[in-house]
>>> print(open('run-v2.pdb').read())   # PDB, C-alpha atoms
ATOM      1  CA  MET A  86       6.681  12.796  15.117
ATOM      2  CA  SER A  87       9.083  13.868  12.380
ATOM      3  CA  SER A  88       8.030  14.976   8.944
ATOM      4  CA  LEU A  89       7.429  12.450   6.231
ATOM      5  CA  LYS A  90      10.249  11.897   3.747
ATOM      6  CA  LEU A  91       8.024  10.428   1.049
ATOM      7  CA  GLU A  92       7.088  12.332  -2.074
ATOM      8  CA  SER A  93       4.112  11.837  -4.336
ATOM      9  CA  VAL A  94       4.715   9.906  -7.534
ATOM     10  CA  VAL A  95       2.854  10.894 -10.675
ATOM     11  CA  THR A  96       3.253   9.319 -14.107
ATOM     12  CA  ASP A  97       1.004   9.450 -17.155
ATOM     13  CA  SER A  98      -1.114   6.547 -15.916
ATOM     14  CA  PHE A  99      -0.247   5.943 -12.259
ATOM     15  CA  GLY A 100      -0.083   7.941  -9.043
ATOM     16  CA  ILE A 101       0.963   7.507  -5.414
ATOM     17  CA  GLU A 102       0.102  10.122  -2.805
ATOM     18  CA  PRO A 103       1.192   9.762   0.850
ATOM     19  CA  ASP A 104      -0.442  11.485   3.818
ATOM     20  CA  LEU A 105       0.752  11.108   7.405
ATOM     21  CA  ARG A 106      -2.093  11.197   9.930
ATOM     22  CA  ASP A 107      -0.789  10.786  13.471
ATOM     23  CA  ASP A 108       0.692   7.262  13.565
ATOM     24  CA  THR A 109      -1.049   6.114  10.362
ATOM     25  CA  LEU A 110       0.360   6.598   6.900
ATOM     26  CA  VAL A 111      -2.323   6.789   4.222
ATOM     27  CA  VAL A 112      -1.104   5.978   0.717
ATOM     28  CA  LYS A 113      -3.551   6.700  -2.115
ATOM     29  CA  LEU A 114      -2.933   4.808  -5.336
ATOM     30  CA  SER A 115      -4.620   5.799  -8.560
ATOM     31  CA  GLY A 116      -4.632   4.880 -12.219
ATOM     32  CA  THR A 117      -3.253   1.686 -13.696
ATOM     33  CA  GLY A 118      -0.826  -0.595 -11.878
ATOM     34  CA  ASP A 119       0.750  -2.086 -14.988
ATOM     35  CA  MET A 120       4.350  -2.845 -15.995
ATOM     36  CA  ALA A 121       5.134   0.868 -16.273
ATOM     37  CA  ALA A 122       4.062   1.304 -12.634
ATOM     38  CA  ALA A 123       5.943  -1.714 -11.241
ATOM     39  CA  GLY A 124       9.360  -0.018 -11.122
ATOM     40  CA  PRO A 125       8.190   3.190  -9.429
ATOM     41  CA  LEU A 126       6.074   1.157  -6.996
ATOM     42  CA  ASN A 127       9.012  -1.086  -6.004
ATOM     43  CA  THR A 128      11.234   1.939  -5.461
ATOM     44  CA  TYR A 129       8.502   3.685  -3.482
ATOM     45  CA  PHE A 130       7.985   0.692  -1.200
ATOM     46  CA  LYS A 131      11.681   0.653  -0.267
ATOM     47  CA  VAL A 132      11.448   4.255   0.929
ATOM     48  CA  LEU A 133       8.070   3.562   2.543
ATOM     49  CA  HIS A 134       9.568   0.681   4.513
ATOM     50  CA  THR A 135      12.342   2.939   5.806
ATOM     51  CA  GLU A 136       9.804   5.603   6.811
ATOM     52  CA  VAL A 137       7.603   3.092   8.660
ATOM     53  CA  ILE A 138      10.601   2.117  10.778
ATOM     54  CA  ARG A 139      11.946   5.659  11.232
ATOM     55  CA  LEU A 140       8.599   7.117  12.298
ATOM     56  CA  SER A 141       7.337   4.061  14.228
ATOM     57  CA  ILE A 142       4.216   3.980  12.090
ATOM     58  CA  HIS A 143       1.464   1.769  13.545
ATOM     59  CA  ALA A 144      -0.568   1.372  10.356
ATOM     60  CA  VAL A 145      -0.223   1.868   6.626
ATOM     61  CA  GLU A 146      -3.549   2.340   4.887
ATOM     62  CA  PHE A 147      -3.520   1.796   1.133
ATOM     63  CA  ASP A 148      -6.480   3.528  -0.480
ATOM     64  CA  VAL A 149      -6.800   1.694  -3.797
ATOM     65  CA  ARG A 150     -10.336   2.844  -4.640
ATOM     66  CA  ALA A 151      -9.051   4.854  -7.625
ATOM     67  CA  LEU A 152      -6.803   2.028  -8.861
ATOM     68  CA  TYR A 153      -8.284   0.366 -11.934
ATOM     69  CA  PHE A 154      -5.756  -2.382 -12.611
ATOM     70  CA  LEU A 155      -3.015  -4.165 -10.684
ATOM     71  CA  ASN A 156      -0.743  -6.631 -12.440
ATOM     72  CA  SER A 157       1.236  -9.441 -10.820
ATOM     73  CA  SER A 158       4.462  -7.399 -10.684
ATOM     74  CA  CYS A 159       2.738  -4.679  -8.668
ATOM     75  CA  LEU A 160       1.067  -7.277  -6.465
ATOM     76  CA  LYS A 161       4.514  -8.775  -5.817
ATOM     77  CA  ALA A 162       5.709  -5.336  -4.674
ATOM     78  CA  PHE A 163       2.963  -5.339  -2.024
ATOM     79  CA  ILE A 164       3.983  -8.857  -0.973
ATOM     80  CA  SER A 165       7.632  -7.816  -0.609
ATOM     81  CA  PHE A 166       6.640  -4.774   1.468
ATOM     82  CA  ILE A 167       4.424  -6.815   3.806
ATOM     83  CA  CYS A 168       7.013  -9.595   4.151
ATOM     84  CA  GLY A 169       9.667  -6.990   4.923
ATOM     85  CA  LEU A 170       7.570  -5.687   7.807
ATOM     86  CA  ALA A 171       6.801  -9.188   9.078
ATOM     87  CA  ASN A 172      10.447 -10.295   8.864
ATOM     88  CA  LEU A 173      11.493  -7.417  11.098
ATOM     89  CA  GLY A 174       8.827  -8.337  13.622
ATOM     90  CA  MET A 175       7.021  -5.075  12.936
ATOM     91  CA  LYS A 176       3.498  -4.887  14.318
ATOM     92  CA  CYS A 177       2.525  -2.306  11.720
ATOM     93  CA  LYS A 178      -0.951  -3.049  10.361
ATOM     94  CA  VAL A 179      -1.542  -2.904   6.622
ATOM     95  CA  LEU A 180      -5.062  -1.857   5.659
ATOM     96  CA  PHE A 181      -6.549  -1.774   2.175
ATOM     97  CA  MET A 182      -9.522   0.449   1.338
ATOM     98  CA  THR A 183     -11.208  -0.952  -1.768
ATOM     99  CA  ASP A 184     -14.121   0.060  -3.967
ATOM    100  CA  ALA A 185     -16.850  -2.580  -3.555
ATOM    101  CA  ARG A 186     -17.948  -1.904  -7.158
ATOM    102  CA  LEU A 187     -14.536  -3.078  -8.401
ATOM    103  CA  GLY A 188     -14.662  -6.733  -7.351
ATOM    104  CA  TRP A 189     -11.208  -7.498  -8.720
ATOM    105  CA  GLN A 190      -9.653  -5.359  -5.971
ATOM    106  CA  ARG A 191     -10.841  -7.568  -3.109
ATOM    107  CA  ARG A 192     -10.189 -10.762  -5.080
ATOM    108  CA  SER A 193      -6.599  -9.727  -5.817
ATOM    109  CA  LEU A 194      -5.828  -8.416  -2.340
ATOM    110  CA  THR A 195      -7.400 -11.349  -0.494
ATOM    111  CA  ALA A 196      -4.220 -13.317  -1.210
ATOM    112  CA  LEU A 197      -2.274 -10.727   0.826
ATOM    113  CA  GLU A 198      -4.769 -10.955   3.667
ATOM    114  CA  ARG A 199      -4.495 -14.749   3.726
ATOM    115  CA  MET A 200      -0.709 -14.590   3.538
ATOM    116  CA  SER A 201      -0.477 -12.417   6.659
ATOM    117  CA  PRO A 202      -3.868 -12.224   8.459
ATOM    118  CA  GLU A 203      -2.297 -10.782  11.613
ATOM    119  CA  LEU A 204      -1.093  -7.715   9.672
ATOM    120  CA  VAL A 205      -3.357  -7.288   6.642
ATOM    121  CA  SER A 206      -7.042  -6.380   6.470
ATOM    122  CA  ILE A 207      -9.348  -5.225   3.670
ATOM    123  CA  THR A 208     -12.313  -2.860   3.936
ATOM    124  CA  ASP A 209     -14.771  -2.379   1.070
ATOM    125  CA  THR A 210     -16.438   1.008   0.736
TER
END
>>> encode(input="run-v2.pdb", output="structure tokens")
Amino acid sequence: MSSLKLESVVTDSFGIEPDLRDDTLVVKLSGTGDMAAAGPLNTYFKVLHTEVIRLSIHAVEFDVRALYFLNSSCLKAFISFICGLANLGMKCKVLFMTDARLGWQRRSLTALERMSPELVSITDT
């Protein structure tokens, strides 16, 4: 498998850190997913989509346990990413690791799971 062409993103209040593990790409999100994060997240997902195809990734695991807020613009970025995979017929699974103590995470992400149950799953830790 080739090397990953995704860089970490770090702003004052938001971070994205990728880690390729065999055929799974783990993406750790941290901080606050507010309007300031929406632009970098959208841009990141475009590159992420390209990398999933290029590397034949079987699963993308989003670790959102250190994410303390996610606005609708950031949620829409996730929707666009998942729909992009589904529209290409990709069988890449999308997994979300959430913090069970932060109930808003599961409540917000459940919409994504319902939208595409064959691709998306959520695990509370």
>>> closest_residue(input="run-v2.pdb", among="A:Met182, A:Leu152, A:Leu140, A:Leu89", to="Gly118 (chain A)", atoms="only C-alpha atoms")
A:Leu152
>>> residues_around(input="run-v2.pdb", residues="Glu136 (chain A)", least_positions_apart="5", cutoff="8 Å", atoms="all atoms listed in the file", output="VMD selection string")
chain A and resid 89 to 91 141 to 142
>>> atom_distance(input="run-v2.pdb", atom1="CA of Ser201 (chain A)", atom2="CA of Glu146 (chain A)")
15.2 Å
>>> closest_residue(input="run-v2.pdb", among="A:Val132, A:Ala144, A:Val94, A:Leu170", to="Asp107 (chain A)", atoms="all atoms listed in the file")
A:Ala144
>>> atom_distance(input="run-v2.pdb", atom1="CA of Pro202 (chain A)", atom2="CA of Arg186 (chain A)")
23.4 Å
>>> closest_residue(input="run-v2.pdb", among="A:Gly169, A:Ser206, A:Val149, A:Asn156", to="Gln190 (chain A)", atoms="only C-alpha atoms")
A:Val149
>>> atom_distance(input="run-v2.pdb", atom1="CA of Ser165 (chain A)", atom2="CA of Leu180 (chain A)")
15.4 Å
>>> residues_around(input="run-v2.pdb", residues="Thr183 (chain A)", least_positions_apart="4", cutoff="10 Å", atoms="only C-alpha atoms", output="NGL selection string")
:A and (147-152 or 187-191 or 194 or 207-210)
